[in-house]
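Peer 1: Mind looking over this structure? Questions follow.
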Amino acid sequence: MLKKTVLLSLFTLISASAMAQNNTTPVYLDESKPVEQRIQDALSRMTLEEKIAMLHAQSKFSSPGVPRLGIPEFWTTDGPHGVRPEVMWDEWDQAGWTNDSIIAYPALTALSATWNKKMSWNYGKALGEEARYRKKDILLGPGVNIYRTPLNGRNFEYMGEDPYLTSKMVVPYIQGVQSNGVATSVKHFALNNQEMFRHTSNVIVDDRTLYEIYLPPFKAAVTEGDSWTIMGAYDMYKNQYASQNQYLLNDILKGEWKYKGVVVSDWGAVNNTEQAIHNGLDVEFGSWTNGLSAGTRNAYDNYYLAKPYLDLIKSGKVGTAELDDKVTRLLRLAYKTTMNTKKPFGNIASEEHKAVAKEIGEEGIVLLKNQNNVLPIDINKAKKIAVIGENAIKVMTVGGGSSSLKVKYETLPLDGIKAKFGKNSDVQYARGYVGDIGGEYNGVKSGQDLKDTRSPEELLKEAVELAKRSDHVIFVGGLNKADFQDSEGNDRKSYGLPYNQDNVISALAKANKNFTVVLITGNAVAMPWIKDVPSVVQGWYLGSEAGNSIASILAGDANPSGKLPFTFPVKLEDNSAHTMGEYPGNKEELAAGKGKDQKNPINITYNEGIFVGYRWHDTKKIKPLFSFGHGLSYTTFEFGKAKVDKTSMNQDDKITFTVTVKNTGKKAGAEVAQLYITDVRSSVERPAKELKGFEKVFLNPGEQKEVTFTIDKTALSYFDAQKHDWVAEPGDFEAQIGNSSDAIKTKVKFTLK
């Protein structure tokens, strides 16, 4: 692949040079000309066959350019938190390169948990630099599907349950990546909120819910972040598959939002040529076709937007207006990526990148509970530290689906803890439980052998005995990247922790009161032992610097400042999708065997509507295990009284709220001021509150800062499906400011005229 890329680049130079000698420089190669003029010139020079070729893949991860004109091919890569290793041209097997190891960044749940837009920019810039260095043109991410159920196996790749938080965090990520001349591909558009039946489901959701909950992050990605590509989803909506969907792609994305970028299919998401032509798709990847049996040269020639499209044009059954629009979009992308002579060279695995990964991990870790200030661990008192649990020694960068990575290194939690505490303390390890001993995905191997033939009773006995003779016990458990856990392709089978971990945790809590549970997950989990455990840390999947980030928090070198990007319900039935909506699908259709293939899709109705996550819990007064926005610190903060610059506003006005946040403790730290808006009296049902602003402030002991939030009527509006427009009803509203959805510190009322 490297050889082919070099040859193509050389051809581009020779082609341009020859044209310049024979004539004046062609318009499409003349950088002094406006880009749109260059695009139209290039389009006019292309044959019908060259145009068609650009619309579909030529390998697992690339699509053709136009060699005759020196227009390079496009190279794509997974994934949202690291650049995927190289695979064979036509196979998913590893290509066997020795120079495709990278830095793994924290998964997107961890990034979102920082509630820090600057961290999102840093993340995108570093990841984009690695993609650029690896000669990638399109990064297949980030994912912004909304967290509807804690069983969704792919939630770890997304940014949580709230459309506003996700929107504000995704924009700087996109801008950071694209500053390197590498396009993002925001995914999966839209309504891919579970992995079970993702290829064979038809989502039924009302327009108000669609526009208020599931579309805002995508809209922000294209209208504010200017993501150069967007990826269609697998599921159906309005009985059309999302990657060839008239309403989603033409009416909303390219119509209402005026999107000028490229729509790419998810791998294997296309199944109909005419729908793909007319319903907004621009490039087709990964379709499961067999070109040889169809009489074509290879499978790629038989893709839905390949020879079948060409045949329809030549037979006069379809015109070329859609074709020219698709190619125009691709050429526009080329001038930003493959033909962008000013893009930087990028770099890989630099010290700066390692520092970015570690810092994001530290800021994303959430301190859920810290009774009696068990944390941070006092090195002077904890001379013997017990680390227990499989996740302390298990590689988490391999597996999980398409985001599986081949890393230069991964610092495991046990190694990070030993490096941090080992000079002053005796750190010992016990397994505690045996979970997933696998360590391979698509040929990437972790190199670990986690086999352990001891019985659960033997493992528990060893762990409890170690806990009893230790000064502090750290249990590192949770989920992993195995199938039916935090992984693409399937959802979790239950809300509880797997592998008998609840019993291990309960036994350790009895054995030692200086006890910390560190959960490595991308999802909420049940915690039946929560009252017995003094301190709980939500650790996420933190990538290459995982162990160092965790150890830094445990030692107090970094003060935890992460906040949950989704609600932890006490039990699964407290989640609205499982109480009001349909999951994993319609019960009668499930019983009848629907959803087994694309000819018999299963319906999934979002009966819960707009009441997702904290909107459900707060409105219905269902106490969560841990609320949206929750996260503790090693210091304390005090919120002053909220002030407003005026008590009433007109429809075209803005209104500003200010609040003082003070560090009243003895340690420097950061707090996230969160603004929620309540419609006091509405003609339609609305949530008790909705997030409409947040700001992370860093404060030294005794320091205070004023936080300002300015909103307009968009923060007060709901989507009126009948009018197909946003409506801000005149009347009374309330601004609520706090540090989680259930910890409001100050309120102020105002009126919309």
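Residue numbers start at 1 in each chain; chains themselves are named A, B, ... in the order of the structure tokens; ligands are numbered from 1 in the order shown.
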I need the strand (DSSP E) residues of segment 538-607 of chain A per DSSP on the backbone, written as a VMD selection string.
Peer 2: chain A and resid 538 602 to 605
Peer 1: Mind checking which residues fall within 7 Å of Ile711 of chain A, counting only C-alpha atoms, ignoring those fewer than 2 positions away in the same chain, and posting them as JSON, numbers by chain?
Peer 2: {"A": [654, 655, 656, 709, 713, 715]}
Peer 1: Given the choices A:Gly435, A:Gly399, A:Pro560, A:Pro528, which gets closest to Pro498 of chain A if the distance is worked out from only C-alpha atoms?
Peer 2: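 Among the listed residues, A:Gly435 lies closest to Pro498 of chain A.
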Peer 1: Could you list, as a PyMOL selection string, every residue within 6 Å of segment 543-553 of chain A, counting only C-alpha atoms and ignoring same-chain residues fewer than 3 positions away?
Peer 2: chain A and resi 103-106+358+361-362+409-413+416-417+556-558
Peer 1: I want to know what sits within 9 Å of Val203 of chain A, based on only C-alpha atoms, with residues of the same chain fewer than 2 positions away left out; could you give that as a PDB file with all heavy atoms, in the first residue's frame?
Peer 2:
ATOM      1  N   LEU A 191     -29.428   7.331  14.662  1.00  0.00           N
ATOM      2  CA  LEU A 191     -30.286   6.437  15.440  1.00  0.00           C
ATOM      3  C   LEU A 191     -29.699   5.044  15.622  1.00  0.00           C
ATOM      4  O   LEU A 191     -30.424   4.093  15.891  1.00  0.00           O
ATOM      5  CB  LEU A 191     -31.684   6.338  14.814  1.00  0.00           C
ATOM      6  CG  LEU A 191     -32.448   7.670  14.715  1.00  0.00           C
ATOM      7  CD1 LEU A 191     -33.680   7.524  13.839  1.00  0.00           C
ATOM      8  CD2 LEU A 191     -32.830   8.169  16.110  1.00  0.00           C
ATOM      9  N   ASN A 192     -28.389   4.906  15.509  1.00  0.00           N
ATOM     10  CA  ASN A 192     -27.721   3.636  15.804  1.00  0.00           C
ATOM     11  C   ASN A 192     -27.382   3.632  17.292  1.00  0.00           C
ATOM     12  O   ASN A 192     -26.261   3.880  17.690  1.00  0.00           O
ATOM     13  CB  ASN A 192     -26.459   3.503  14.943  1.00  0.00           C
ATOM     14  CG  ASN A 192     -25.771   2.152  15.062  1.00  0.00           C
ATOM     15  OD1 ASN A 192     -24.838   1.863  14.335  1.00  0.00           O
ATOM     16  ND2 ASN A 192     -26.218   1.309  15.975  1.00  0.00           N
ATOM     17  N   SER A 201     -32.870  -3.615  11.896  1.00  0.00           N
ATOM     18  CA  SER A 201     -33.878  -2.934  12.711  1.00  0.00           C
ATOM     19  C   SER A 201     -34.417  -1.705  11.995  1.00  0.00           C
ATOM     20  O   SER A 201     -33.726  -1.091  11.175  1.00  0.00           O
ATOM     21  CB  SER A 201     -33.290  -2.519  14.066  1.00  0.00           C
ATOM     22  OG  SER A 201     -32.226  -1.598  13.892  1.00  0.00           O
ATOM     23  N   VAL A 205     -39.346   6.672  15.767  1.00  0.00           N
ATOM     24  CA  VAL A 205     -39.177   7.763  16.725  1.00  0.00           C
ATOM     25  C   VAL A 205     -39.879   8.995  16.166  1.00  0.00           C
ATOM     26  O   VAL A 205     -39.858   9.246  14.956  1.00  0.00           O
ATOM     27  CB  VAL A 205     -37.676   8.038  16.990  1.00  0.00           C
ATOM     28  CG1 VAL A 205     -36.956   8.443  15.711  1.00  0.00           C
ATOM     29  CG2 VAL A 205     -37.475   9.094  18.058  1.00  0.00           C
ATOM     30  N   ASP A 235     -28.817   0.974  10.684  1.00  0.00           N
ATOM     31  CA  ASP A 235     -30.229   0.749  10.961  1.00  0.00           C
ATOM     32  C   ASP A 235     -31.132   1.427   9.933  1.00  0.00           C
ATOM     33  O   ASP A 235     -30.705   2.282   9.162  1.00  0.00           O
ATOM     34  CB  ASP A 235     -30.569   1.271  12.361  1.00  0.00           C
ATOM     35  CG  ASP A 235     -30.171   2.729  12.527  1.00  0.00           C
ATOM     36  OD1 ASP A 235     -28.983   2.981  12.772  1.00  0.00           O
ATOM     37  OD2 ASP A 235     -31.040   3.619  12.377  1.00  0.00           O
ATOM     38  N   MET A 236     -32.406   1.047   9.972  1.00  0.00           N
ATOM     39  CA  MET A 236     -33.415   1.673   9.128  1.00  0.00           C
ATOM     40  C   MET A 236     -34.146   2.754   9.908  1.00  0.00           C
ATOM     41  O   MET A 236     -34.273   2.684  11.132  1.00  0.00           O
ATOM     42  CB  MET A 236     -34.432   0.636   8.652  1.00  0.00           C
ATOM     43  CG  MET A 236     -33.880  -0.462   7.781  1.00  0.00           C
ATOM     44  SD  MET A 236     -35.149  -1.687   7.348  1.00  0.00           S
ATOM     45  CE  MET A 236     -36.033  -0.803   6.071  1.00  0.00           C
ATOM     46  N   TYR A 237     -34.612   3.748   9.184  1.00  0.00           N
ATOM     47  CA  TYR A 237     -35.474   4.788   9.733  1.00  0.00           C
ATOM     48  C   TYR A 237     -36.479   5.138   8.647  1.00  0.00           C
ATOM     49  O   TYR A 237     -36.094   5.356   7.487  1.00  0.00           O
ATOM     50  CB  TYR A 237     -34.650   6.009  10.147  1.00  0.00           C
ATOM     51  CG  TYR A 237     -35.469   7.221  10.510  1.00  0.00           C
ATOM     52  CD1 TYR A 237     -36.338   7.187  11.595  1.00  0.00           C
ATOM     53  CD2 TYR A 237     -35.396   8.389   9.756  1.00  0.00           C
ATOM     54  CE1 TYR A 237     -37.108   8.293  11.918  1.00  0.00           C
ATOM     55  CE2 TYR A 237     -36.151   9.497  10.077  1.00  0.00           C
ATOM     56  CZ  TYR A 237     -37.010   9.442  11.152  1.00  0.00           C
ATOM     57  OH  TYR A 237     -37.774  10.540  11.468  1.00  0.00           O
ATOM     58  N   LYS A 238     -37.741   5.168   9.002  1.00  0.00           N
ATOM     59  CA  LYS A 238     -38.816   5.343   8.019  1.00  0.00           C
ATOM     60  C   LYS A 238     -38.732   4.271   6.929  1.00  0.00           C
ATOM     61  O   LYS A 238     -38.963   4.522   5.740  1.00  0.00           O
ATOM     62  CB  LYS A 238     -38.782   6.748   7.399  1.00  0.00           C
ATOM     63  CG  LYS A 238     -39.122   7.868   8.375  1.00  0.00           C
ATOM     64  CD  LYS A 238     -39.193   9.202   7.653  1.00  0.00           C
ATOM     65  CE  LYS A 238     -39.513  10.350   8.621  1.00  0.00           C
ATOM     66  NZ  LYS A 238     -40.880  10.290   9.153  1.00  0.00           N
ATOM     67  N   ASN A 239     -38.338   3.070   7.373  1.00  0.00           N
ATOM     68  CA  ASN A 239     -38.268   1.896   6.489  1.00  0.00           C
ATOM     69  C   ASN A 239     -37.255   2.032   5.355  1.00  0.00           C
ATOM     70  O   ASN A 239     -37.348   1.328   4.347  1.00  0.00           O
ATOM     71  CB  ASN A 239     -39.658   1.568   5.919  1.00  0.00           C
ATOM     72  CG  ASN A 239     -40.645   1.172   7.002  1.00  0.00           C
ATOM     73  OD1 ASN A 239     -40.407   0.221   7.743  1.00  0.00           O
ATOM     74  ND2 ASN A 239     -41.737   1.920   7.116  1.00  0.00           N
ATOM     75  N   ILE A 602     -36.765  -5.848  12.461  1.00  0.00           N
ATOM     76  CA  ILE A 602     -37.556  -5.701  13.671  1.00  0.00           C
ATOM     77  C   ILE A 602     -37.739  -4.221  13.989  1.00  0.00           C
ATOM     78  O   ILE A 602     -36.810  -3.420  13.807  1.00  0.00           O
ATOM     79  CB  ILE A 602     -36.893  -6.443  14.859  1.00  0.00           C
ATOM     80  CG1 ILE A 602     -37.843  -6.492  16.054  1.00  0.00           C
ATOM     81  CG2 ILE A 602     -35.557  -5.826  15.228  1.00  0.00           C
ATOM     82  CD1 ILE A 602     -37.379  -7.435  17.142  1.00  0.00           C
ATOM     83  N   ASN A 603     -38.928  -3.835  14.421  1.00  0.00           N
ATOM     84  CA  ASN A 603     -39.191  -2.450  14.793  1.00  0.00           C
ATOM     85  C   ASN A 603     -38.722  -2.188  16.219  1.00  0.00           C
ATOM     86  O   ASN A 603     -38.917  -3.016  17.116  1.00  0.00           O
ATOM     87  CB  ASN A 603     -40.682  -2.138  14.681  1.00  0.00           C
ATOM     88  CG  ASN A 603     -41.142  -2.069  13.236  1.00  0.00           C
ATOM     89  OD1 ASN A 603     -40.544  -1.395  12.412  1.00  0.00           O
ATOM     90  ND2 ASN A 603     -42.219  -2.782  12.915  1.00  0.00           N
ATOM     91  N   ILE A 604     -38.131  -1.018  16.419  1.00  0.00           N
ATOM     92  CA  ILE A 604     -37.725  -0.564  17.760  1.00  0.00           C
ATOM     93  C   ILE A 604     -38.334   0.818  17.953  1.00  0.00           C
ATOM     94  O   ILE A 604     -37.936   1.777  17.292  1.00  0.00           O
ATOM     95  CB  ILE A 604     -36.195  -0.482  17.903  1.00  0.00           C
ATOM     96  CG1 ILE A 604     -35.534  -1.813  17.543  1.00  0.00           C
ATOM     97  CG2 ILE A 604     -35.822  -0.068  19.323  1.00  0.00           C
ATOM     98  CD1 ILE A 604     -34.015  -1.740  17.462  1.00  0.00           C
ATOM     99  N   THR A 605     -39.316   0.912  18.839  1.00  0.00           N
ATOM    100  CA  THR A 605     -40.007   2.184  19.055  1.00  0.00           C
ATOM    101  C   THR A 605     -39.463   2.881  20.289  1.00  0.00           C
ATOM    102  O   THR A 605     -39.383   2.296  21.363  1.00  0.00           O
ATOM    103  CB  THR A 605     -41.522   1.955  19.213  1.00  0.00           C
ATOM    104  OG1 THR A 605     -42.003   1.247  18.065  1.00  0.00           O
ATOM    105  CG2 THR A 605     -42.252   3.282  19.314  1.00  0.00           C
ATOM    106  N   TYR A 606     -39.092   4.150  20.121  1.00  0.00           N
ATOM    107  CA  TYR A 606     -38.577   4.959  21.226  1.00  0.00           C
ATOM    108  C   TYR A 606     -39.754   5.631  21.938  1.00  0.00           C
ATOM    109  O   TYR A 606     -39.931   6.847  21.853  1.00  0.00           O
ATOM    110  CB  TYR A 606     -37.598   6.001  20.703  1.00  0.00           C
ATOM    111  CG  TYR A 606     -36.274   5.474  20.181  1.00  0.00           C
ATOM    112  CD1 TYR A 606     -36.057   4.120  19.958  1.00  0.00           C
ATOM    113  CD2 TYR A 606     -35.228   6.343  19.889  1.00  0.00           C
ATOM    114  CE1 TYR A 606     -34.841   3.641  19.475  1.00  0.00           C
ATOM    115  CE2 TYR A 606     -34.003   5.891  19.408  1.00  0.00           C
ATOM    116  CZ  TYR A 606     -33.817   4.529  19.198  1.00  0.00           C
ATOM    117  OH  TYR A 606     -32.611   4.076  18.721  1.00  0.00           O
TER     118      TYR A 606
END
Peer 1: Go through A:Pro569, A:Gly280, A:Pro601, A:Gly316 one by one, measure the shortest atom-to-atom distance of each to Asn250 of chain A using only C-alpha atoms, and give the residue with the smallest value.
Peer 2: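 Result for the nearest residue to Asn250 of chain A: A:Gly280.
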